[in-house]
$ cat query-v5.cif   # mmCIF, C-alpha atoms
data_coords
#
loop_
_atom_site.label_atom_id
_atom_site.label_comp_id
_atom_site.auth_asym_id
_atom_site.auth_seq_id
_atom_site.Cartn_x
_atom_site.Cartn_y
_atom_site.Cartn_z
CA MET A 1 16.37 -12.40 43.17
CA TYR A 2 14.72 -11.60 39.86
CA LEU A 3 15.92 -14.84 38.25
CA GLN A 4 14.65 -17.06 41.08
CA PHE A 5 11.33 -15.24 41.15
CA SER A 6 10.90 -15.65 37.38
CA LYS A 7 11.78 -19.35 37.47
CA TYR A 8 9.39 -20.04 40.33
CA PHE A 9 6.37 -18.33 38.84
CA THR A 10 7.08 -19.54 35.30
CA ARG A 11 6.91 -23.11 36.59
CA TYR A 12 3.76 -22.22 38.50
CA ILE A 13 2.05 -20.72 35.44
CA PHE A 14 2.95 -23.46 32.96
CA PHE A 15 3.51 -26.60 35.03
CA GLY A 16 1.64 -26.11 38.30
CA LYS A 17 -1.34 -28.28 39.27
CA SER A 18 -3.62 -25.25 38.91
CA ARG A 19 -2.19 -23.86 35.66
CA GLN A 20 -3.46 -20.38 34.78
CA GLY A 21 -5.52 -21.22 31.70
CA LEU A 22 -6.97 -17.73 31.35
CA LEU A 23 -3.53 -16.13 31.46
CA LEU A 24 -2.16 -18.63 28.94
CA LEU A 25 -5.15 -18.05 26.70
CA ALA A 26 -4.55 -14.29 26.83
CA THR A 27 -0.89 -14.83 25.96
CA PHE A 28 -1.95 -16.95 23.00
CA GLY A 29 -4.25 -14.07 22.01
CA LEU A 30 -1.19 -11.80 21.81
CA PHE A 31 0.41 -14.35 19.48
CA ILE A 32 -2.69 -14.27 17.27
CA SER A 33 -2.76 -10.45 17.33
CA SER A 34 0.80 -9.95 16.06
CA PHE A 35 0.41 -12.87 13.63
CA SER A 36 -2.80 -11.39 12.17
CA LEU A 37 -1.47 -7.83 12.03
CA ILE A 38 1.61 -8.69 10.00
CA ILE A 39 -0.41 -10.85 7.59
CA LEU A 40 -3.11 -8.19 7.20
CA GLN A 41 -0.69 -5.37 6.51
CA SER A 42 1.49 -7.43 4.17
CA VAL A 43 -1.43 -8.66 2.07
CA MET A 44 -3.10 -5.23 2.00
CA GLY A 45 0.25 -3.64 1.23
CA GLY A 46 0.85 -6.16 -1.55
CA LEU A 47 -2.51 -5.46 -3.18
CA GLN A 48 -2.01 -1.70 -2.93
CA ASP A 49 1.60 -1.86 -4.14
CA LYS A 50 0.57 -3.95 -7.16
CA ARG A 51 -2.14 -1.48 -8.09
CA ILE A 52 0.17 1.51 -7.77
CA SER A 53 2.81 -0.32 -9.85
CA ARG A 54 0.28 -1.04 -12.61
CA LEU A 55 -0.77 2.62 -12.72
CA LYS A 56 2.82 3.87 -12.77
CA ASN A 57 3.75 1.39 -15.51
CA VAL A 58 1.13 3.03 -17.75
CA LEU A 59 1.02 6.69 -16.65
CA GLY A 60 4.62 7.01 -15.42
CA SER A 61 6.15 8.03 -12.11
CA ALA A 62 5.88 11.69 -13.11
CA GLU A 63 4.89 13.84 -16.05
CA ILE A 64 5.80 17.29 -17.26
CA HIS A 65 2.83 19.38 -18.44
CA LEU A 66 4.03 21.85 -21.06
CA THR A 67 2.20 25.17 -21.40
CA ARG A 68 4.57 26.17 -24.16
CA THR A 69 4.06 23.34 -26.62
CA ASP A 70 6.35 24.18 -29.55
CA GLN A 71 8.57 21.28 -30.48
CA SER A 72 11.92 23.05 -29.90
CA TYR A 73 11.05 23.94 -26.30
CA ALA A 74 9.74 20.43 -25.58
CA GLN A 75 12.81 18.87 -27.18
CA GLY A 76 15.10 20.92 -24.93
CA ILE A 77 13.34 19.71 -21.77
CA TYR A 78 13.27 16.16 -23.12
CA ASN A 79 17.03 16.20 -23.80
CA HIS A 80 17.73 17.49 -20.28
CA VAL A 81 15.62 14.75 -18.65
CA LEU A 82 17.24 12.22 -20.98
CA THR A 83 20.58 12.90 -19.24
CA LYS A 84 18.97 11.72 -15.97
CA THR A 85 17.17 8.62 -17.23
CA LYS A 86 16.49 6.77 -20.48
CA LYS A 87 12.91 6.01 -19.44
CA VAL A 88 11.45 9.29 -20.70
CA TYR A 89 8.98 9.70 -23.57
CA LYS A 90 7.34 12.57 -25.49
CA GLU A 91 3.67 12.60 -26.34
CA TYR A 92 0.70 14.79 -27.10
CA GLU A 93 -2.28 14.12 -24.86
CA ILE A 94 -5.70 15.27 -26.01
CA GLU A 95 -9.35 14.52 -25.28
CA LEU A 96 -11.26 13.39 -28.36
CA LEU A 97 -14.39 11.51 -29.35
CA LEU A 98 -14.03 7.97 -30.69
CA ARG A 99 -16.73 6.90 -33.14
CA ASN A 100 -17.47 3.54 -34.68
CA TYR A 101 -20.63 3.59 -36.79
CA ASN A 102 -23.32 5.01 -34.47
CA TYR A 103 -21.36 4.40 -31.25
CA LEU A 104 -19.57 7.37 -29.70
CA LEU A 105 -17.26 7.53 -26.66
CA PRO A 106 -15.13 10.33 -25.10
CA VAL A 107 -11.52 9.19 -24.82
CA VAL A 108 -8.10 10.42 -23.73
CA VAL A 109 -5.68 9.92 -26.63
CA HIS A 110 -1.92 9.64 -26.07
CA GLY A 111 0.02 10.54 -29.19
CA ILE A 112 3.19 8.43 -29.01
CA ASP A 113 6.37 9.15 -30.96
CA GLU A 114 6.67 5.84 -32.83
CA LYS A 115 10.19 6.67 -34.06
CA ALA A 116 11.58 6.71 -30.51
CA GLN A 117 11.71 3.84 -28.03
CA LEU A 118 8.25 2.95 -26.77
CA PRO A 119 7.21 2.57 -23.12
CA LYS A 120 7.60 -1.01 -21.92
CA PHE A 121 3.88 -1.74 -21.67
CA LEU A 122 3.38 -0.79 -25.35
CA GLN A 123 6.40 -2.49 -26.92
CA ASP A 124 4.57 -5.72 -27.78
CA HIS A 125 1.34 -4.01 -28.85
CA PHE A 126 2.03 -0.79 -30.72
CA LYS A 127 2.55 -1.39 -34.46
CA LYS A 128 1.56 1.51 -36.67
CA ASP A 129 -1.76 3.00 -35.62
CA LEU A 130 -4.33 2.69 -32.79
CA VAL A 131 -4.09 0.65 -29.56
CA LEU A 132 -7.04 0.45 -27.19
CA SER A 133 -8.46 -1.78 -24.46
CA PRO A 134 -10.73 -4.81 -25.02
CA SER A 135 -13.41 -3.25 -22.79
CA MET A 136 -13.49 -0.09 -24.94
CA ALA A 137 -13.60 -2.22 -28.09
CA HIS A 138 -16.50 -4.24 -26.70
CA GLU A 139 -18.42 -1.08 -25.83
CA LEU A 140 -18.03 0.36 -29.35
CA ARG A 141 -18.29 -3.00 -31.19
CA ILE A 142 -14.75 -2.70 -32.57
CA GLU A 143 -12.76 -5.59 -34.06
CA LEU A 144 -9.08 -5.81 -34.93
CA GLY A 145 -8.43 -4.14 -38.27
CA ASP A 146 -11.53 -1.93 -38.11
CA ARG A 147 -11.21 1.68 -39.17
CA VAL A 148 -12.61 4.10 -36.60
CA THR A 149 -12.96 7.88 -36.50
CA LEU A 150 -11.42 10.31 -34.02
CA ILE A 151 -13.25 13.61 -33.66
CA SER A 152 -11.79 16.77 -32.11
CA PRO A 153 -14.50 19.28 -31.09
CA ALA A 154 -11.77 21.76 -30.13
CA HIS A 155 -10.37 21.92 -33.68
CA VAL A 156 -12.60 22.82 -36.60
CA ASN A 157 -12.39 23.35 -40.34
CA SER A 158 -13.61 26.92 -40.82
CA PHE A 159 -13.63 26.44 -44.59
CA MET A 160 -16.29 23.73 -44.15
CA GLY A 161 -18.44 25.76 -41.79
CA ASP A 162 -16.71 25.08 -38.45
CA ILE A 163 -17.04 21.31 -38.74
CA PRO A 164 -14.92 19.43 -36.13
CA LYS A 165 -11.78 17.91 -37.54
CA THR A 166 -11.61 14.13 -37.83
CA ALA A 167 -9.01 11.44 -38.41
CA VAL A 168 -9.66 7.89 -39.58
CA VAL A 169 -7.32 5.31 -38.08
CA GLU A 170 -7.02 1.53 -38.07
CA VAL A 171 -7.15 -0.56 -34.88
CA ASP A 172 -3.84 -2.39 -34.52
CA SER A 173 -4.02 -4.12 -31.17
CA PHE A 174 -5.82 -4.49 -27.87
CA ILE A 175 -4.11 -3.96 -24.53
CA SER A 176 -5.46 -4.47 -21.01
CA THR A 177 -3.70 -2.66 -18.17
CA GLY A 178 -5.81 -4.23 -15.43
CA GLU A 179 -7.03 -0.81 -14.29
CA PRO A 180 -10.65 -0.02 -15.28
CA ASP A 181 -10.10 3.76 -15.03
CA ILE A 182 -7.43 3.53 -17.72
CA ASP A 183 -8.97 0.81 -19.87
CA GLN A 184 -12.28 2.63 -20.12
CA PHE A 185 -11.00 5.94 -21.50
CA HIS A 186 -7.33 5.81 -22.57
CA LEU A 187 -5.92 4.79 -25.95
CA TRP A 188 -2.61 5.22 -27.79
CA LEU A 189 -1.94 6.53 -31.29
CA ARG A 190 0.92 7.73 -33.46
CA LEU A 191 2.07 11.23 -32.58
CA THR A 192 2.11 12.28 -36.24
CA THR A 193 -1.59 11.42 -36.56
CA ILE A 194 -2.49 13.73 -33.65
CA GLN A 195 -0.23 16.49 -34.94
CA ASN A 196 -1.84 16.20 -38.36
CA LEU A 197 -5.28 16.43 -36.72
CA ILE A 198 -4.47 19.62 -34.79
CA ARG A 199 -2.24 20.98 -37.58
CA LYS A 200 0.64 21.70 -35.21
CA MET A 201 3.97 20.02 -34.51
CA ASP A 202 3.35 20.29 -30.76
CA ILE A 203 4.18 18.14 -27.73
CA ASN A 204 2.40 18.82 -24.43
CA ARG A 205 3.52 15.93 -22.23
CA ILE A 206 6.83 14.36 -21.23
CA ARG A 207 6.39 11.21 -19.17
CA ILE A 208 9.06 9.78 -16.88
CA TYR A 209 8.92 6.07 -16.02
CA ASP A 210 11.73 6.07 -13.47
CA SER A 211 12.24 7.08 -9.85
CA LEU A 212 14.20 10.32 -9.65
CA ASP A 213 14.63 13.25 -7.30
CA PHE A 214 11.78 15.17 -8.94
CA GLN A 215 12.11 18.23 -6.70
CA LYS A 216 15.72 18.67 -7.75
CA LEU A 217 14.83 17.99 -11.38
CA GLY A 218 12.05 20.60 -11.26
CA ARG A 219 14.44 23.23 -9.90
CA GLU A 220 16.99 22.48 -12.61
CA LEU A 221 14.40 22.71 -15.37
CA LYS A 222 13.00 26.02 -14.08
CA LEU A 223 16.48 27.57 -13.95
CA LYS A 224 17.20 26.46 -17.50
CA PHE A 225 13.82 26.65 -19.28
CA GLY A 226 11.70 29.09 -17.27
CA GLU A 227 8.16 28.63 -15.97
CA HIS A 228 6.40 27.25 -19.07
CA PHE A 229 5.88 23.80 -17.62
CA GLU A 230 4.66 21.99 -14.50
CA LEU A 231 6.26 18.83 -13.16
CA LYS A 232 3.83 16.59 -11.29
CA THR A 233 4.61 13.26 -9.68
CA TRP A 234 2.14 10.39 -9.82
CA GLU A 235 1.51 10.80 -6.08
CA GLU A 236 0.61 14.47 -6.52
CA MET A 237 -1.87 13.66 -9.28
CA ASN A 238 -3.50 10.81 -7.32
CA LYS A 239 -3.78 12.19 -3.80
CA SER A 240 -7.35 10.99 -3.35
CA LEU A 241 -6.44 7.42 -4.31
CA LEU A 242 -3.45 7.36 -1.96
CA TRP A 243 -5.57 8.83 0.84
CA SER A 244 -8.24 6.14 0.37
CA LEU A 245 -5.61 3.38 0.36
CA ARG A 246 -4.08 4.72 3.58
CA LEU A 247 -7.52 5.02 5.13
CA GLU A 248 -8.26 1.41 4.20
CA THR A 249 -5.11 0.20 5.93
CA THR A 250 -5.69 2.45 8.95
CA VAL A 251 -9.24 1.15 9.45
CA MET A 252 -8.08 -2.48 9.32
CA VAL A 253 -5.25 -1.80 11.78
CA PHE A 254 -7.75 -0.02 14.06
CA LEU A 255 -10.06 -3.07 14.03
CA PHE A 256 -7.22 -5.39 14.96
CA THR A 257 -6.10 -2.95 17.64
CA ALA A 258 -9.59 -3.16 19.12
CA MET A 259 -9.23 -6.95 19.07
CA THR A 260 -5.96 -6.60 20.97
CA MET A 261 -7.75 -4.47 23.55
CA LEU A 262 -10.16 -7.35 24.15
CA VAL A 263 -7.19 -9.70 24.53
CA SER A 264 -5.69 -7.30 27.06
CA LEU A 265 -8.89 -7.39 29.09
CA CYS A 266 -8.42 -11.16 29.27
CA ILE A 267 -4.89 -10.47 30.48
CA VAL A 268 -6.27 -8.28 33.27
CA LEU A 269 -8.73 -10.97 34.36
CA GLY A 270 -6.05 -13.64 34.19
CA LEU A 271 -3.67 -11.55 36.26
CA VAL A 272 -6.31 -10.82 38.89
CA VAL A 273 -6.92 -14.55 39.33
CA PHE A 274 -3.20 -15.28 39.17
CA PHE A 275 -2.18 -12.76 41.84
CA ASP A 276 -4.99 -13.85 44.10
CA LYS A 277 -3.63 -17.41 44.01
CA VAL A 278 0.01 -16.45 44.52
CA LYS A 279 -0.63 -13.91 47.27
CA ASN A 280 0.71 -16.35 49.88
CA ASP A 281 3.87 -16.94 47.83
CA LEU A 282 4.46 -13.22 47.41
CA THR A 283 3.99 -12.79 51.16
CA SER A 284 6.63 -15.50 51.73
CA PHE A 285 9.07 -13.62 49.47
CA TRP A 286 8.32 -10.47 51.45
CA ILE A 287 9.00 -12.25 54.75
CA LEU A 288 12.33 -13.51 53.37
CA GLY A 289 13.43 -9.93 52.75
CA ALA A 290 12.15 -8.93 49.34
CA SER A 291 10.69 -5.42 49.26
CA LYS A 292 7.31 -4.66 47.70
CA ARG A 293 9.12 -2.62 45.06
CA LYS A 294 11.26 -5.59 44.07
CA LEU A 295 8.24 -7.89 43.94
CA GLU A 296 6.33 -5.39 41.79
CA LEU A 297 9.29 -4.95 39.44
CA SER A 298 9.88 -8.69 39.23
CA SER A 299 6.22 -9.32 38.37
CA THR A 300 6.32 -6.64 35.66
CA LEU A 301 9.52 -8.08 34.17
CA LEU A 302 8.04 -11.59 34.16
CA LEU A 303 4.86 -10.45 32.43
CA GLY A 304 6.86 -8.30 30.01
CA THR A 305 9.00 -11.28 29.06
CA MET A 306 5.92 -13.43 28.46
CA ASN A 307 4.28 -10.70 26.35
CA LEU A 308 7.47 -10.05 24.41
CA PHE A 309 7.96 -13.73 23.62
CA ALA A 310 4.32 -14.17 22.54
CA VAL A 311 4.41 -11.11 20.24
CA LEU A 312 7.82 -11.92 18.73
CA PHE A 313 6.84 -15.54 18.17
CA GLY A 314 3.59 -14.45 16.48
CA LEU A 315 5.52 -11.98 14.31
CA PHE A 316 8.06 -14.65 13.35
CA CYS A 317 5.36 -17.20 12.48
CA GLY A 318 3.50 -14.55 10.46
CA ILE A 319 6.60 -13.72 8.40
CA VAL A 320 7.30 -17.42 7.80
CA PHE A 321 3.69 -17.97 6.75
CA LEU A 322 3.88 -15.02 4.33
CA TRP A 323 7.14 -16.35 2.86
CA VAL A 324 5.58 -19.76 2.29
CA LEU A 325 2.48 -18.17 0.76
CA ASP A 326 4.56 -15.99 -1.53
CA THR A 327 6.93 -18.77 -2.56
CA TYR A 328 4.59 -21.72 -2.94
CA GLY A 329 1.19 -20.00 -3.26
CA THR A 330 -0.87 -20.72 -6.36
CA ASN A 331 -3.50 -18.76 -8.27
CA ILE A 332 -6.42 -19.00 -5.86
CA MET A 333 -8.42 -15.97 -7.04
CA PRO A 334 -11.01 -16.22 -9.85
CA ASP A 335 -10.20 -15.12 -13.41
CA VAL A 336 -12.01 -11.79 -12.97
CA PHE A 337 -9.30 -10.60 -10.55
CA VAL A 338 -6.13 -8.98 -11.89
CA ASP A 339 -3.97 -10.46 -9.12
CA ARG A 340 -4.93 -14.12 -9.06
CA LYS A 341 -2.07 -14.92 -6.70
CA ILE A 342 -2.20 -13.07 -3.38
CA PRO A 343 0.58 -10.45 -3.51
CA ILE A 344 2.81 -10.01 -0.46
CA TYR A 345 4.62 -6.83 0.55
CA ILE A 346 6.38 -6.90 3.93
CA SER A 347 7.38 -3.41 5.01
CA LEU A 348 9.38 -2.16 7.97
CA ARG A 349 6.39 -0.05 9.02
CA GLY A 350 4.18 -3.16 9.01
CA ILE A 351 6.64 -5.06 11.21
CA ILE A 352 6.93 -2.17 13.68
CA VAL A 353 3.15 -1.76 13.92
CA SER A 354 2.61 -5.51 14.29
CA PHE A 355 5.06 -5.54 17.19
CA CYS A 356 4.31 -2.25 18.95
CA VAL A 357 0.50 -2.39 18.97
CA PRO A 358 -0.03 -5.74 20.80
CA PHE A 359 3.08 -5.42 22.95
CA GLY A 360 2.39 -1.82 23.96
CA ILE A 361 -1.27 -2.47 24.85
CA SER A 362 -0.49 -5.67 26.74
CA MET A 363 2.28 -4.01 28.76
CA PHE A 364 0.04 -1.08 29.64
CA PHE A 365 -2.67 -3.36 31.04
CA SER A 366 -0.12 -5.63 32.73
CA PHE A 367 1.58 -2.72 34.45
CA PHE A 368 -1.79 -1.28 35.44
CA THR A 369 -2.90 -4.60 37.01
CA VAL A 370 0.38 -5.13 38.88
CA ASN A 371 0.37 -1.56 40.17
CA GLN A 372 -3.27 -1.84 41.29
CA PHE A 373 -2.57 -5.13 43.06
CA ASP A 374 0.40 -3.60 44.84
CA LYS A 375 -1.71 -0.65 46.04
CA ASP A 376 -4.58 -2.81 47.29
CA THR A 377 -2.45 -5.47 48.98
CA SER A 378 -0.85 -5.24 52.42
CA TYR A 379 1.36 -8.25 53.18
CA LEU A 380 1.29 -7.45 56.90
CA GLU A 381 -2.50 -7.47 56.97
CA HIS A 382 -2.48 -10.67 54.96
CA ILE A 383 -0.22 -12.34 57.58
CA ARG A 384 -2.48 -11.15 60.39
CA SER A 385 -5.49 -12.64 58.61
CA PHE A 386 -4.09 -16.13 59.23
CA GLY A 387 -4.50 -15.55 62.94
#
$ encode --input "query-v5.cif" --output "structure tokens"
Amino acid sequence: MYLQFSKYFTRYIFFGKSRQGLLLLATFGLFISSFSLIILQSVMGGLQDKRISRLKNVLGSAEIHLTRTDQSYAQGIYNHVLTKTKKVYKEYEIELLLRNYNYLLPVVVHGIDEKAQLPKFLQDHFKKDLVLSPSMAHELRIELGDRVTLISPAHVNSFMGDIPKTAVVEVDSFISTGEPDIDQFHLWLRLTTIQNLIRKMDINRIRIYDSLDFQKLGRELKLKFGEHFELKTWEEMNKSLLWSLRLETTVMVFLFTAMTMLVSLCIVLGLVVFFDKVKNDLTSFWILGASKRKLELSSTLLLGTMNLFAVLFGLFCGIVFLWVLDTYGTNIMPDVFVDRKIPIYISLRGIIVSFCVPFGISMFFSFFTVNQFDKDTSYLEHIRSFG
């Protein structure tokens, strides 16, 4: 029964003399909805994933803030983390003033242990002294090889009348991370230079550039070393950024969901016209013994199959398009952009949303229309109307 009904009305919709253009157009709209949703989420996800990766490559996946900064305590924590991953580095982070002639800029200085292995992003840049960004160098009129002054207002020479301590260092290299927030204020220096400036052999940061079970690691460190530290993941330190990225994606998905709602209204109109034209055929099925329940169920299954095929086909074409764009795409963005090639990140969540949103909305409106038609239609009254 269901198979014959589906075959009959499929031929009527696609091959009949009065093909249902509005219904076909609405079905094509479902294809466009799922196609657009998967492309939108994959491109947005790619851009966001690239940015997060750049930030983690510089600042690490997590960092341990030490409140007890003596070298023996820091070395103990460092050795314990070193048993979990080799991508762990000691440093002393401090806020200083960078001066070149009459130009002055507040900066965040990372004192790096040059005797140990360097983080990957610094390996080709760090030589013996100072590494900073080209934008910072441009702002302070700094050239390679220039000698600049670091000033620490928090540390003073009491013998000289509480004058802030200074250190003169040479600019070794420029490095651009692609993140303005980092390039504008962060620079890297030898750990011994910072320790000489503050007159202490201290370490106040341990950065981890690997993905670990940080909750478990934090518990282990507290049992072994006490409470003189705080382990923070990158996500915990950048909650506002992550929230804004999620909000950006949510707003875009909401806009495309609203577009799908408009497509579903076209489905309703198409179904109203369609059922009005096939009312005689449905009456014939009813006369031949089909119950109204079976006709309603058969109509819903037919529409569900059409919607499912349109959404799945749109999803498939979207994934193929993204693969082609990722594999054969060229640098289409201007030089001012960090990602000149459009990054692609296809996630399971993106696939589920791209399928469920258009399919769920279309099925809701389809079921509503079929149910309303069934309530408002009496096949017996329709037969009597011929008389």
$ atom_distance --input "query-v5.cif" --atom1 "CA of Val58 in chain A" --atom2 "CA of Thr193 in chain A"
20.8 Å
$ closest_residue --input "query-v5.cif" --among "A:Asp162, A:Asp183, A:Asp326, A:Asp172" --to "Val107 in chain A" --atoms "all atoms listed in the file"
A:Asp183
$ resolve_selection --input "query-v5.cif" --expression "the PyMOL selection byres ((chain A and resi 59) around 12)" --output "ChimeraX atom specification"
/A:52-58,60-64,88-89,91,93,110,119-122,177,179,181-182,186-188,205-210,232-235,237-238
$ closest_residue --input "query-v5.cif" --among "A:Arg99, A:His125, A:Lys50, A:His138" --to "Gln184 in chain A" --atoms "only C-alpha atoms"
A:His138
$ closest_residue --input "query-v5.cif" --among "A:Leu262, A:Leu221, A:Leu130, A:Val148" --to "Asn100 in chain A" --atoms "all atoms listed in the file"
A:Val148
$ atom_distance --input "query-v5.cif" --atom1 "CA of Phe367 in chain A" --atom2 "CA of Phe254 in chain A"
22.6 Å
$ atom_distance --input "query-v5.cif" --atom1 "CA of Cys317 in chain A" --atom2 "CA of Glu248 in chain A"
24.5 Å
$ closest_residue --input "query-v5.cif" --among "A:Gln71, A:Val353, A:His80, A:Ala116" --to "Phe256 in chain A" --atoms "only C-alpha atoms"
A:Val353
$ closest_residue --input "query-v5.cif" --among "A:Thr67, A:Thr166, A:Ser362, A:Ser354" --to "Gln41 in chain A" --atoms "only C-alpha atoms"
A:Ser354
$ resolve_selection --input "query-v5.cif" --expression "the PyMOL selection byres ((chain A and resi 37) around 12)" --output "PyMOL selection string"
chain A and resi 30-36+38-45+249-250+252-260+311+314-319+322+346+349-358
